[in-house]
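A.B. asks: coords.txt (compact mmCIF, C-alpha atoms) pasted underneath:
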```txt
# COMPACT_ATOMS: atom_id res chain seq x y z
CA MET D 1 -105.22 -71.42 -78.34
CA GLU D 2 -107.10 -70.74 -81.57
CA THR D 3 -105.28 -68.70 -84.13
CA LYS D 4 -108.22 -66.65 -85.36
CA GLU D 5 -107.43 -63.22 -86.68
CA ILE D 6 -107.25 -60.62 -83.90
CA SER D 7 -107.43 -56.95 -84.86
CA GLN D 8 -104.28 -54.87 -84.51
CA ALA D 9 -106.32 -52.51 -82.32
CA VAL D 10 -106.82 -55.28 -79.75
CA ILE D 11 -103.17 -56.33 -80.04
CA GLY D 12 -102.14 -52.72 -79.57
CA ARG D 13 -103.99 -52.66 -76.24
CA LEU D 14 -102.44 -55.87 -74.84
CA PRO D 15 -99.10 -54.32 -73.81
CA ARG D 16 -100.96 -51.82 -71.65
CA TYR D 17 -102.89 -54.63 -69.93
CA LEU D 18 -99.60 -56.41 -69.37
CA ARG D 19 -98.05 -53.28 -67.88
CA TYR D 20 -100.87 -52.87 -65.35
CA LEU D 21 -100.93 -56.58 -64.52
CA GLY D 22 -97.17 -56.54 -63.97
CA ASP D 23 -97.57 -53.63 -61.53
CA LEU D 24 -100.40 -55.44 -59.71
CA LYS D 25 -98.28 -58.57 -59.50
CA ASP D 26 -95.39 -56.54 -58.06
CA GLU D 27 -97.81 -55.15 -55.46
CA GLY D 28 -98.85 -58.68 -54.47
CA VAL D 29 -102.40 -58.48 -55.85
CA GLU D 30 -103.67 -61.98 -56.69
CA ARG D 31 -107.13 -61.42 -58.14
CA ILE D 32 -108.83 -58.49 -59.81
CA SER D 33 -112.32 -58.02 -61.24
CA SER D 34 -112.89 -56.46 -64.64
CA GLN D 35 -114.57 -53.58 -62.76
CA GLU D 36 -111.49 -52.90 -60.62
CA LEU D 37 -109.20 -53.20 -63.64
CA SER D 38 -111.54 -50.85 -65.49
CA GLU D 39 -111.24 -48.17 -62.80
CA LEU D 40 -107.48 -48.55 -62.63
CA MET D 41 -106.93 -48.38 -66.39
CA LYS D 42 -109.71 -45.91 -67.16
CA VAL D 43 -111.31 -48.07 -69.84
CA THR D 44 -114.79 -49.59 -69.58
CA ALA D 45 -115.20 -53.04 -68.01
CA SER D 46 -117.11 -54.00 -71.15
CA GLN D 47 -114.08 -53.11 -73.30
CA ILE D 48 -111.87 -55.27 -71.10
CA ARG D 49 -114.26 -58.23 -71.31
CA GLN D 50 -114.56 -57.83 -75.08
CA ASP D 51 -110.79 -57.66 -75.50
CA PHE D 52 -110.25 -60.74 -73.36
CA ASN D 53 -113.03 -62.66 -75.11
CA ASN D 54 -110.85 -62.64 -78.21
CA PHE D 55 -108.63 -65.06 -76.32
CA GLY D 56 -111.26 -67.17 -74.59
CA GLY D 57 -111.99 -64.81 -71.69
CA PHE D 58 -109.27 -65.83 -69.21
CA GLY D 59 -111.52 -67.15 -66.44
CA GLN D 60 -114.70 -66.33 -64.54
CA GLN D 61 -115.73 -62.74 -64.38
CA GLY D 62 -117.76 -62.91 -61.16
CA TYR D 63 -114.82 -64.20 -59.19
CA GLY D 64 -112.35 -61.93 -60.96
CA TYR D 65 -109.22 -62.69 -62.92
CA ASN D 66 -106.16 -64.41 -61.51
CA VAL D 67 -103.51 -61.70 -61.99
CA GLU D 68 -100.52 -64.03 -62.38
CA TYR D 69 -102.36 -66.28 -64.85
CA LEU D 70 -103.65 -63.34 -66.86
CA TYR D 71 -100.17 -61.81 -66.94
CA GLN D 72 -98.63 -65.06 -68.18
CA GLU D 73 -101.33 -65.68 -70.79
CA ILE D 74 -101.18 -62.18 -72.25
CA GLY D 75 -97.39 -62.49 -72.27
CA LYS D 76 -97.68 -65.71 -74.28
CA ILE D 77 -100.08 -64.12 -76.75
CA LEU D 78 -97.56 -61.33 -77.23
CA GLY D 79 -94.89 -63.95 -77.80
CA LEU D 80 -92.82 -62.83 -74.82
CA ASP D 81 -92.03 -66.46 -73.97
CA GLN D 82 -90.13 -66.73 -77.26
CA LYS D 83 -86.51 -65.63 -77.60
CA HIS D 84 -85.38 -63.31 -80.38
CA ASN D 85 -81.86 -62.08 -80.99
CA PHE D 86 -81.50 -58.45 -81.96
CA ILE D 87 -78.81 -56.00 -83.00
CA ILE D 88 -78.76 -52.23 -82.84
CA ILE D 89 -77.39 -50.26 -85.77
CA GLY D 90 -76.29 -46.83 -84.65
CA ALA D 91 -74.32 -46.40 -81.41
CA GLY D 92 -75.36 -42.79 -80.73
CA ASN D 93 -77.29 -41.74 -77.65
CA LEU D 94 -80.56 -43.31 -78.78
CA GLY D 95 -78.90 -46.60 -79.72
CA ARG D 96 -77.10 -46.70 -76.39
CA ALA D 97 -80.32 -45.87 -74.52
CA LEU D 98 -82.02 -48.84 -76.17
CA GLY D 99 -79.02 -51.12 -75.64
CA ASN D 100 -79.04 -50.31 -71.94
CA TYR D 101 -82.76 -50.93 -71.59
CA LEU D 102 -82.92 -54.06 -69.47
CA ASN D 103 -86.62 -54.67 -70.01
CA PHE D 104 -85.81 -56.11 -73.43
CA GLU D 105 -84.43 -59.27 -71.87
CA ARG D 106 -87.57 -59.65 -69.76
CA ARG D 107 -89.55 -59.49 -73.01
CA GLY D 108 -87.46 -62.22 -74.67
CA PHE D 109 -85.34 -59.86 -76.75
CA ILE D 110 -81.66 -60.71 -76.49
CA PHE D 111 -79.16 -57.95 -77.25
CA LYS D 112 -76.43 -59.55 -79.37
CA GLY D 113 -74.56 -56.84 -81.24
CA MET D 114 -74.18 -53.17 -81.98
CA PHE D 115 -72.77 -51.47 -85.07
CA ASP D 116 -71.67 -48.02 -86.08
CA LYS D 117 -69.82 -46.54 -89.02
CA ASN D 118 -68.07 -44.02 -86.80
CA PRO D 119 -64.60 -45.48 -85.98
CA ASP D 120 -64.50 -43.44 -82.75
CA LEU D 121 -67.46 -45.45 -81.41
CA VAL D 122 -66.20 -48.86 -82.54
CA GLY D 123 -64.95 -50.86 -79.56
CA GLU D 124 -67.05 -48.94 -77.02
CA ASP D 125 -68.90 -51.09 -74.54
CA VAL D 126 -72.69 -50.99 -74.19
CA ARG D 127 -73.91 -53.37 -71.50
CA GLY D 128 -71.17 -55.89 -72.28
CA ILE D 129 -71.52 -55.60 -76.06
CA LYS D 130 -68.65 -54.06 -78.02
CA VAL D 131 -69.63 -51.74 -80.87
CA MET D 132 -68.54 -53.29 -84.20
CA PRO D 133 -67.76 -51.60 -87.52
CA MET D 134 -70.36 -51.80 -90.31
CA GLU D 135 -68.08 -54.08 -92.34
CA GLU D 136 -68.81 -56.89 -89.90
CA LEU D 137 -72.59 -56.52 -90.08
CA GLU D 138 -73.48 -59.02 -92.81
CA HIS D 139 -71.34 -61.81 -91.48
CA PHE D 140 -72.52 -61.24 -87.91
CA VAL D 141 -76.22 -61.27 -88.79
CA ARG D 142 -75.86 -64.51 -90.77
CA GLU D 143 -73.76 -66.32 -88.17
CA ASN D 144 -75.64 -65.32 -85.02
CA ASP D 145 -79.26 -66.06 -85.87
CA ILE D 146 -80.32 -62.42 -85.64
CA ASP D 147 -84.06 -61.85 -86.17
CA ILE D 148 -84.44 -58.17 -85.41
CA ALA D 149 -82.49 -55.05 -86.31
CA VAL D 150 -83.09 -51.83 -84.42
CA LEU D 151 -82.26 -48.81 -86.57
CA THR D 152 -81.11 -45.67 -84.76
CA ILE D 153 -79.32 -44.10 -87.71
CA PRO D 154 -80.18 -41.17 -90.02
CA LYS D 155 -82.84 -41.75 -92.64
CA ASN D 156 -80.59 -42.07 -95.68
CA SER D 157 -78.44 -44.67 -93.97
CA ALA D 158 -81.56 -46.54 -92.84
CA VAL D 159 -82.96 -46.70 -96.38
CA ASN D 160 -79.63 -47.99 -97.70
CA ILE D 161 -79.15 -50.71 -95.08
CA VAL D 162 -82.54 -52.42 -95.44
CA ASP D 163 -81.63 -54.70 -98.37
CA VAL D 164 -78.44 -55.88 -96.66
CA LEU D 165 -80.40 -56.76 -93.54
CA VAL D 166 -83.16 -58.58 -95.37
CA ASP D 167 -80.71 -60.48 -97.60
CA ASN D 168 -78.95 -61.79 -94.51
CA GLY D 169 -82.03 -63.07 -92.73
CA ILE D 170 -83.44 -60.21 -90.66
CA GLN D 171 -87.20 -60.73 -90.19
CA ALA D 172 -88.17 -57.55 -88.43
CA ILE D 173 -87.00 -53.96 -88.15
CA TRP D 174 -87.69 -51.66 -85.23
CA ASN D 175 -87.22 -48.39 -87.02
CA PHE D 176 -86.38 -45.13 -85.25
CA ALA D 177 -85.14 -43.43 -88.43
CA HIS D 178 -87.38 -40.63 -89.59
CA VAL D 179 -88.47 -42.36 -92.79
CA ASP D 180 -90.87 -45.07 -93.97
CA LEU D 181 -88.85 -48.10 -95.07
CA ASN D 182 -89.63 -50.17 -98.16
CA VAL D 183 -89.32 -53.83 -97.27
CA PRO D 184 -90.25 -57.03 -99.13
CA GLU D 185 -93.48 -58.74 -98.17
CA GLY D 186 -93.15 -60.83 -95.03
CA ILE D 187 -90.65 -58.49 -93.37
CA LEU D 188 -92.07 -56.62 -90.40
CA VAL D 189 -91.42 -52.99 -89.63
CA GLU D 190 -92.49 -51.29 -86.42
CA ASN D 191 -91.89 -47.56 -86.60
CA VAL D 192 -91.20 -45.18 -83.74
CA HIS D 193 -91.31 -41.74 -85.34
CA LEU D 194 -90.56 -39.51 -82.37
CA SER D 195 -90.95 -36.40 -84.44
CA ASP D 196 -94.52 -37.38 -85.37
CA SER D 197 -95.36 -37.80 -81.71
CA LEU D 198 -93.87 -34.38 -80.95
CA MET D 199 -95.92 -32.75 -83.70
CA LYS D 200 -99.10 -34.27 -82.36
CA LEU D 201 -98.21 -32.73 -79.01
CA SER D 202 -97.53 -29.42 -80.72
CA TYR D 203 -100.94 -29.48 -82.43
CA ASN D 204 -102.76 -30.18 -79.19
CA ILE D 205 -100.85 -27.51 -77.25
CA ASN D 206 -101.75 -24.86 -79.79
CA ARG D 207 -105.33 -26.02 -79.97
CA MET D 208 -105.59 -25.87 -76.20
CA SER D 209 -104.08 -22.39 -75.97
CA GLN D 210 -106.45 -21.14 -78.68
CA GLY D 211 -109.34 -22.51 -76.68
CA LYS D 212 -108.22 -20.46 -73.67
CA LYS D 213 -108.23 -17.15 -75.56
CA MET F 1 -108.81 -20.94 -90.67
CA GLU F 2 -111.94 -22.35 -89.09
CA THR F 3 -111.49 -24.11 -85.81
CA LYS F 4 -113.91 -26.95 -86.37
CA GLU F 5 -113.14 -30.17 -84.54
CA ILE F 6 -110.71 -32.36 -86.47
CA SER F 7 -110.41 -36.00 -85.47
CA GLN F 8 -107.21 -37.14 -83.77
CA ALA F 9 -106.88 -39.75 -86.52
CA VAL F 10 -106.55 -37.01 -89.14
CA ILE F 11 -104.17 -35.03 -86.90
CA GLY F 12 -102.14 -38.18 -86.37
CA ARG F 13 -101.64 -38.43 -90.14
CA LEU F 14 -100.52 -34.83 -90.66
CA PRO F 15 -96.92 -35.32 -89.44
CA ARG F 16 -96.44 -38.02 -92.07
CA TYR F 17 -97.69 -35.70 -94.80
CA LEU F 18 -95.34 -33.05 -93.53
CA ARG F 19 -92.43 -35.49 -93.58
CA TYR F 20 -93.03 -36.44 -97.23
CA LEU F 21 -93.61 -32.83 -98.25
CA GLY F 22 -90.38 -31.80 -96.54
CA ASP F 23 -88.50 -34.47 -98.51
CA LEU F 24 -90.14 -33.35 -101.77
CA LYS F 25 -89.23 -29.75 -101.00
CA ASP F 26 -85.62 -30.78 -100.34
CA GLU F 27 -85.62 -32.53 -103.73
CA GLY F 28 -86.81 -29.34 -105.41
CA VAL F 29 -90.29 -30.63 -106.32
CA GLU F 30 -92.69 -27.68 -106.67
CA ARG F 31 -96.03 -29.29 -107.42
CA ILE F 32 -97.52 -32.70 -106.79
CA SER F 33 -100.90 -34.25 -107.60
CA SER F 34 -102.88 -36.20 -105.02
CA GLN F 35 -102.31 -39.23 -107.28
CA GLU F 36 -98.52 -38.86 -107.16
CA LEU F 37 -98.56 -38.22 -103.43
CA SER F 38 -100.79 -41.28 -103.06
CA GLU F 39 -98.28 -43.53 -104.84
CA LEU F 40 -95.38 -42.12 -102.84
CA MET F 41 -97.09 -42.48 -99.46
CA LYS F 42 -99.01 -45.66 -100.21
CA VAL F 43 -102.36 -44.26 -99.15
CA THR F 44 -105.31 -43.72 -101.49
CA ALA F 45 -105.65 -40.40 -103.30
CA SER F 46 -109.18 -40.27 -101.93
CA GLN F 47 -107.87 -40.49 -98.37
CA ILE F 48 -105.47 -37.63 -99.08
CA ARG F 49 -108.23 -35.45 -100.53
CA GLN F 50 -110.52 -36.25 -97.62
CA ASP F 51 -107.83 -35.43 -95.08
CA PHE F 52 -107.00 -32.14 -96.78
CA ASN F 53 -110.67 -31.21 -97.13
CA ASN F 54 -110.77 -30.92 -93.35
CA PHE F 55 -108.63 -27.83 -93.81
CA GLY F 56 -110.24 -26.36 -96.92
CA GLY F 57 -108.52 -28.57 -99.49
CA PHE F 58 -105.25 -26.63 -100.06
CA GLY F 59 -105.79 -25.76 -103.73
CA GLN F 60 -106.95 -27.25 -107.00
CA GLN F 61 -106.63 -30.96 -107.42
CA GLY F 62 -106.41 -30.98 -111.23
CA TYR F 63 -103.35 -28.79 -111.23
CA GLY F 64 -101.83 -30.48 -108.19
CA TYR F 65 -100.75 -29.09 -104.84
CA ASN F 66 -98.05 -26.47 -104.39
CA VAL F 67 -95.54 -28.39 -102.24
CA GLU F 68 -94.09 -25.39 -100.41
CA TYR F 69 -97.54 -23.94 -99.66
CA LEU F 70 -98.89 -27.28 -98.50
CA TYR F 71 -95.83 -27.82 -96.30
CA GLN F 72 -96.24 -24.39 -94.70
CA GLU F 73 -99.98 -24.77 -94.17
CA ILE F 74 -99.74 -28.21 -92.59
CA GLY F 75 -96.91 -26.89 -90.43
CA LYS F 76 -99.16 -24.04 -89.26
CA ILE F 77 -102.01 -26.44 -88.48
CA LEU F 78 -99.59 -28.48 -86.38
CA GLY F 79 -98.55 -25.29 -84.61
CA LEU F 80 -94.94 -25.53 -85.77
CA ASP F 81 -94.83 -21.76 -86.32
CA GLN F 82 -95.31 -21.31 -82.57
CA LYS F 83 -92.42 -21.41 -80.12
CA HIS F 84 -92.51 -23.56 -77.00
CA ASN F 85 -89.80 -23.83 -74.37
CA PHE F 86 -89.11 -27.30 -73.07
CA ILE F 87 -86.98 -29.00 -70.47
CA ILE F 88 -85.82 -32.59 -70.23
CA ILE F 89 -85.92 -34.38 -66.88
CA GLY F 90 -83.49 -37.28 -66.87
CA ALA F 91 -79.99 -36.87 -68.34
CA GLY F 92 -79.44 -40.54 -69.19
CA ASN F 93 -78.89 -41.79 -72.72
CA LEU F 94 -82.48 -41.27 -73.81
CA GLY F 95 -82.63 -37.76 -72.37
CA ARG F 96 -79.35 -36.88 -74.06
CA ALA F 97 -80.54 -38.39 -77.35
CA LEU F 98 -83.60 -36.14 -77.24
CA GLY F 99 -81.59 -33.11 -76.15
CA ASN F 100 -79.27 -33.55 -79.10
CA TYR F 101 -82.11 -33.96 -81.58
CA LEU F 102 -81.86 -30.78 -83.67
CA ASN F 103 -85.20 -31.27 -85.42
CA PHE F 104 -86.91 -29.97 -82.28
CA GLU F 105 -85.81 -26.43 -83.03
CA ARG F 106 -87.14 -26.74 -86.59
CA ARG F 107 -90.49 -27.69 -85.07
CA GLY F 108 -90.55 -24.66 -82.75
CA PHE F 109 -89.48 -26.54 -79.63
CA ILE F 110 -86.70 -24.69 -77.81
CA PHE F 111 -84.46 -26.74 -75.52
CA LYS F 112 -84.01 -24.65 -72.36
CA GLY F 113 -82.91 -26.90 -69.53
CA MET F 114 -82.05 -30.38 -68.39
CA PHE F 115 -82.29 -31.91 -64.92
CA ASP F 116 -81.07 -35.01 -63.17
CA LYS F 117 -80.95 -36.19 -59.57
CA ASN F 118 -77.62 -37.91 -60.15
CA PRO F 119 -74.87 -35.51 -58.96
CA ASP F 120 -72.39 -37.16 -61.37
CA LEU F 121 -74.44 -35.91 -64.32
CA VAL F 122 -75.04 -32.40 -62.98
CA GLY F 123 -72.89 -29.89 -64.86
CA GLU F 124 -72.55 -32.06 -67.96
CA ASP F 125 -73.13 -30.28 -71.23
CA VAL F 126 -75.85 -31.39 -73.67
CA ARG F 127 -75.87 -29.20 -76.76
CA GLY F 128 -74.90 -26.12 -74.79
CA ILE F 129 -77.25 -26.81 -71.88
CA LYS F 130 -75.74 -27.68 -68.50
CA VAL F 131 -77.50 -30.42 -66.56
CA MET F 132 -78.99 -28.94 -63.35
CA PRO F 133 -79.85 -30.62 -60.04
CA MET F 134 -83.52 -31.38 -59.31
CA GLU F 135 -83.53 -28.77 -56.53
CA GLU F 136 -83.45 -26.05 -59.19
CA LEU F 137 -86.38 -27.45 -61.18
CA GLU F 138 -89.32 -25.55 -59.68
CA HIS F 139 -87.65 -22.17 -59.78
CA PHE F 140 -86.35 -22.73 -63.31
CA VAL F 141 -89.73 -23.77 -64.71
CA ARG F 142 -91.45 -20.74 -63.18
CA GLU F 143 -88.84 -18.21 -64.25
CA ASN F 144 -88.19 -19.41 -67.80
CA ASP F 145 -91.69 -19.74 -69.26
CA ILE F 146 -91.38 -23.49 -69.74
CA ASP F 147 -94.43 -25.09 -71.41
CA ILE F 148 -93.29 -28.65 -71.92
CA ALA F 149 -91.46 -31.21 -69.80
CA VAL F 150 -89.95 -34.30 -71.40
CA LEU F 151 -89.74 -37.16 -68.91
CA THR F 152 -86.97 -39.69 -69.45
CA ILE F 153 -86.87 -40.98 -65.88
CA PRO F 154 -88.06 -44.21 -64.25
CA LYS F 155 -91.78 -44.62 -63.70
CA ASN F 156 -91.87 -43.96 -59.95
CA SER F 157 -89.91 -40.73 -60.34
CA ALA F 158 -92.19 -39.71 -63.21
CA VAL F 159 -95.35 -40.24 -61.15
CA ASN F 160 -93.89 -38.21 -58.28
CA ILE F 161 -92.75 -35.24 -60.36
CA VAL F 162 -96.03 -34.54 -62.17
CA ASP F 163 -97.63 -32.37 -59.46
CA VAL F 164 -94.51 -30.24 -59.11
CA LEU F 165 -94.46 -29.63 -62.86
CA VAL F 166 -98.14 -28.80 -63.12
CA ASP F 167 -98.05 -26.51 -60.06
CA ASN F 168 -95.27 -24.53 -61.66
CA GLY F 169 -96.96 -23.95 -65.00
CA ILE F 170 -96.09 -26.89 -67.25
CA GLN F 171 -98.86 -27.37 -69.84
CA ALA F 172 -97.73 -30.54 -71.55
CA ILE F 173 -95.69 -33.63 -70.80
CA TRP F 174 -93.93 -35.77 -73.37
CA ASN F 175 -93.73 -38.93 -71.35
CA PHE F 176 -91.17 -41.68 -72.03
CA ALA F 177 -91.61 -43.26 -68.60
CA HIS F 178 -93.24 -46.65 -68.68
CA VAL F 179 -96.39 -45.56 -66.86
CA ASP F 180 -99.65 -43.71 -67.51
CA LEU F 181 -99.53 -40.37 -65.73
CA ASN F 182 -102.46 -38.87 -63.85
CA VAL F 183 -102.69 -35.20 -64.70
CA PRO F 184 -105.34 -32.55 -64.00
CA GLU F 185 -107.77 -31.70 -66.80
CA GLY F 186 -106.27 -29.32 -69.33
CA ILE F 187 -102.75 -30.74 -69.03
CA LEU F 188 -101.62 -32.65 -72.11
CA VAL F 189 -99.70 -35.90 -72.04
CA GLU F 190 -98.23 -37.52 -75.13
CA ASN F 191 -96.86 -40.96 -74.30
CA VAL F 192 -94.05 -42.80 -76.02
CA HIS F 193 -94.14 -46.27 -74.50
CA LEU F 194 -91.24 -47.95 -76.28
CA SER F 195 -91.90 -51.23 -74.56
CA ASP F 196 -95.47 -51.33 -75.93
CA SER F 197 -94.13 -50.84 -79.44
CA LEU F 198 -91.62 -53.63 -78.89
CA MET F 199 -94.32 -56.02 -77.69
CA LYS F 200 -96.43 -55.30 -80.75
CA LEU F 201 -93.41 -56.24 -82.83
CA SER F 202 -92.97 -59.38 -80.75
CA TYR F 203 -96.60 -60.40 -81.32
CA ASN F 204 -96.33 -59.91 -85.05
CA ILE F 205 -93.03 -61.79 -85.32
CA ASN F 206 -94.48 -64.80 -83.55
CA ARG F 207 -97.65 -64.69 -85.55
CA MET F 208 -95.63 -64.54 -88.75
CA SER F 209 -93.41 -67.44 -87.78
CA GLN F 210 -96.46 -69.52 -86.82
CA GLY F 211 -97.89 -68.80 -90.26
CA LYS F 212 -94.75 -70.19 -91.87
CA LYS F 213 -94.95 -73.52 -90.08
```
Please re-express this file's structure in C-alpha cells.
C.D. replies:
Amino acid sequence: METKEISQAVIGRLPRYLRYLGDLKDEGVERISSQELSELMKVTASQIRQDFNNFGGFGQQGYGYNVEYLYQEIGKILGLDQKHNFIIIGAGNLGRALGNYLNFERRGFIFKGMFDKNPDLVGEDVRGIKVMPMEELEHFVRENDIDIAVLTIPKNSAVNIVDVLVDNGIQAIWNFAHVDLNVPEGILVENVHLSDSLMKLSYNINRMSQGKK
Amino acid sequence: METKEISQAVIGRLPRYLRYLGDLKDEGVERISSQELSELMKVTASQIRQDFNNFGGFGQQGYGYNVEYLYQEIGKILGLDQKHNFIIIGAGNLGRALGNYLNFERRGFIFKGMFDKNPDLVGEDVRGIKVMPMEELEHFVRENDIDIAVLTIPKNSAVNIVDVLVDNGIQAIWNFAHVDLNVPEGILVENVHLSDSLMKLSYNINRMSQGKK
C-alpha cells in the first residue's frame, strides 16, 4: 500500500464504513455494490468511490465489493491489526465503562492497567484488572510497554499528569478530560469532549424549537 | 439576535470558546483581546473575529472582549439559558457516568429519570434518581415533559427504542450506541461513537510509527 497523505476527513469516515461492513458481515452478506452501500449509509455512491480510491479502490465496482475483503483492508488501514497496550487513569464510572468495553480488544487495544488516586478504589477489579495507586504509574508504564493512556480524570489532574506520561514513553492520549492538553510534538491526542457534544445538541434543539414558533 | 443560518462548523467551535472563557472567568480575567485569546486557544485571531462576526462581533476589538459578556452571549447562542429535561436509558457504567456528570445542570440539562431492563439495577440510586424498569418509560416520558433521551444501551436495543421515544414526545437523542439511528425528520440525533474516535487514534498511531521507521 502506498503511504500517500490521506486527509483526516477521509480517515474520519473509515470507522463508519467499517461499522457498516462489520454489520453486513455478521448478516452473512458477501458482496455489496457502491450503490447498495450508498443507500444503506446515506452517502452518495460517488463519495464512497472517491473515498475508496484513496486506497486503490478495493476491487471492481460493477461486480461490487467483497465485504470480508473490504472489512479487512479498511481495518488494516486503520491499524486494527496492530496491538497497542493501554492504561486507564481514573477509575470512576467513565473509566470503568471504558475498561469494560470489550470492543477495544477487537480493535487491537489491550487493556493492561488502571489507576486512581482514591484509595477506596485501589484494588477494585475491572474486567480482571486491579486498580493501582498513582504511585505505581510511572514504573508500570515503563515496564509494560504502554503506548496509550486514557484519561478519565478531572481537567486539573489531566493537565498535571501529561508530562509524567510522556516522559515514560506514552505515545498517545485518549482524553476525556474537559480541557485541551499541551503535549510535545509527536505525541497524539484524541479528544472526546462530551460537554461540547452536548452543547451542540443544545444549540440545535433551541434552533429547532425557535423554527416551530 | 438575528436568526441567520450559521454553519455547523462555527457552531461546533462555540463550545470550545465557551470552555476557555469559563476558565478565564474562573481566573478572574475581565477582558481579553482576540490576539490573547488566539494565543491561548491556538487558533488565528482572524478566525476568532470571523467566528464572532457571525453573531455581531461581541464588542470592540481594539479594547478587547468583555469575558463575562462574551461567555454569557455564547452561552445564550448555544441555548444554555434554556432548560431541557432528559432521561438516560441504560444504567450501566456509561449511563451512571453521564448521570453523575454535574456539568449538565450548568448547561440547562435537568436529569429526570433513568431506565434499565435489568431488574438488578432497578431501584439503584444515581444522584438522587432511582433507576426505573423499561415498562415505565412511555408513561414517564409523556408525563414529565422529557425532551432528550440519552442512549447508553447496546445497538439493537437502541434501534428498537427509537420509535417509542419519538411517539411519546422526545425531540432529541444523545446516542452513545454504536449504530446510526433512523429518526423521523425534525428529531435531532447527536452521536458519540467512542469506537470511531478510538479507530482514528489507532490510524494516527500506526501512521506515526511508520513515519519513525
A.B. asks: If the cut-off is 6 Å, can you tell me the residues of chain F near chain D, counting all atoms listed in the file? I'd like them as a JSON list (two decimals) with C-alpha atoms, in the coordinates of the input.
C.D. replies:
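Saved to part_21.json:
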```json
[["chain", "number", "residue", "atom", "x", "y", "z"],
["F", 15, "PRO", "CA", -96.92, -35.32, -89.44],
["F", 78, "LEU", "CA", -99.59, -28.48, -86.38],
["F", 79, "GLY", "CA", -98.55, -25.29, -84.61],
["F", 93, "ASN", "CA", -78.89, -41.79, -72.72],
["F", 94, "LEU", "CA", -82.48, -41.27, -73.81],
["F", 97, "ALA", "CA", -80.54, -38.39, -77.35],
["F", 196, "ASP", "CA", -95.47, -51.33, -75.93],
["F", 202, "SER", "CA", -92.97, -59.38, -80.75],
["F", 203, "TYR", "CA", -96.60, -60.40, -81.32],
["F", 206, "ASN", "CA", -94.48, -64.80, -83.55]]
```
A.B. asks: Do you know which residues lie at most 12 Å from (-74.8, -25.6, -69.9), with coordinates as in the file and all atoms listed in the file counted, and could you write them as a PyMOL selection string?
C.D. replies: chain F and resi 99+111-115+121-132
A.B. asks: May I ask which of the residues D:Phe140, D:Asp26, D:Ile6, D:Ile89 is the closest one to Phe52 of chain D, counting all atoms listed in the file?
C.D. replies: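 For Phe52 of chain D, the nearest of the candidates is D:Ile6.
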A.B. asks: Take atom CA of Glu39 of chain F and atom CA of Tyr17 of chain F and report the distance between them in Å, one decimal.
C.D. replies: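 Computed distance, atom CA of Glu39 of chain F to atom CA of Tyr17 of chain F, equals 12.7 Å.
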A.B. asks: Find the spatial neighbours of Asn168 of chain D, counting all atoms listed in the file, within a cut-off of 12 Å - ignore same-chain residues fewer than 3 positions away - and output them as a PyMOL selection string.
C.D. replies: chain D and resi 137-149+161-165+171-172
A.B. asks: Can you take the partial segment 201-211 of chain D, add N, CA, C and O atoms, and return it as an mmCIF file, in the frame of the given file?
C.D. replies:
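Below is the file that was written, result.cif:
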```
data_model
loop_
_atom_site.group_PDB
_atom_site.id
_atom_site.type_symbol
_atom_site.label_atom_id
_atom_site.label_comp_id
_atom_site.auth_asym_id
_atom_site.auth_seq_id
_atom_site.Cartn_x
_atom_site.Cartn_y
_atom_site.Cartn_z
ATOM 1 N N LEU D 201 -98.210 -33.511 -80.243
ATOM 2 C CA LEU D 201 -98.210 -32.730 -79.010
ATOM 3 C C LEU D 201 -98.302 -31.245 -79.327
ATOM 4 O O LEU D 201 -99.087 -30.507 -78.724
ATOM 5 N N SER D 202 -97.533 -30.817 -80.300
ATOM 6 C CA SER D 202 -97.530 -29.420 -80.720
ATOM 7 C C SER D 202 -98.928 -28.976 -81.145
ATOM 8 O O SER D 202 -99.429 -27.929 -80.729
ATOM 9 N N TYR D 203 -99.581 -29.791 -81.972
ATOM 10 C CA TYR D 203 -100.940 -29.480 -82.430
ATOM 11 C C TYR D 203 -101.872 -29.289 -81.231
ATOM 12 O O TYR D 203 -102.616 -28.315 -81.147
ATOM 13 N N ASN D 204 -101.820 -30.219 -80.313
ATOM 14 C CA ASN D 204 -102.760 -30.180 -79.190
ATOM 15 C C ASN D 204 -102.474 -29.022 -78.238
ATOM 16 O O ASN D 204 -103.389 -28.446 -77.662
ATOM 17 N N ILE D 205 -101.188 -28.672 -78.085
ATOM 18 C CA ILE D 205 -100.850 -27.510 -77.250
ATOM 19 C C ILE D 205 -101.443 -26.239 -77.859
ATOM 20 O O ILE D 205 -102.058 -25.427 -77.175
ATOM 21 N N ASN D 206 -101.267 -26.082 -79.149
ATOM 22 C CA ASN D 206 -101.750 -24.860 -79.790
ATOM 23 C C ASN D 206 -103.265 -24.796 -79.794
ATOM 24 O O ASN D 206 -103.860 -23.745 -79.604
ATOM 25 N N ARG D 207 -103.876 -25.953 -79.999
ATOM 26 C CA ARG D 207 -105.330 -26.020 -79.970
ATOM 27 C C ARG D 207 -105.866 -25.629 -78.586
ATOM 28 O O ARG D 207 -106.813 -24.874 -78.460
ATOM 29 N N MET D 208 -105.183 -26.154 -77.571
ATOM 30 C CA MET D 208 -105.590 -25.870 -76.200
ATOM 31 C C MET D 208 -105.420 -24.388 -75.894
ATOM 32 O O MET D 208 -106.295 -23.766 -75.309
ATOM 33 N N SER D 209 -104.298 -23.791 -76.309
ATOM 34 C CA SER D 209 -104.080 -22.390 -75.970
ATOM 35 C C SER D 209 -105.017 -21.482 -76.762
ATOM 36 O O SER D 209 -105.409 -20.425 -76.285
ATOM 37 N N GLN D 210 -105.439 -21.903 -77.955
ATOM 38 C CA GLN D 210 -106.450 -21.140 -78.680
ATOM 39 C C GLN D 210 -107.786 -21.181 -77.954
ATOM 40 O O GLN D 210 -108.494 -20.193 -77.881
ATOM 41 N N GLY D 211 -108.092 -22.350 -77.417
ATOM 42 C CA GLY D 211 -109.340 -22.510 -76.680
ATOM 43 C C GLY D 211 -109.423 -21.602 -75.458
ATOM 44 O O GLY D 211 -110.501 -21.175 -75.048
#
```
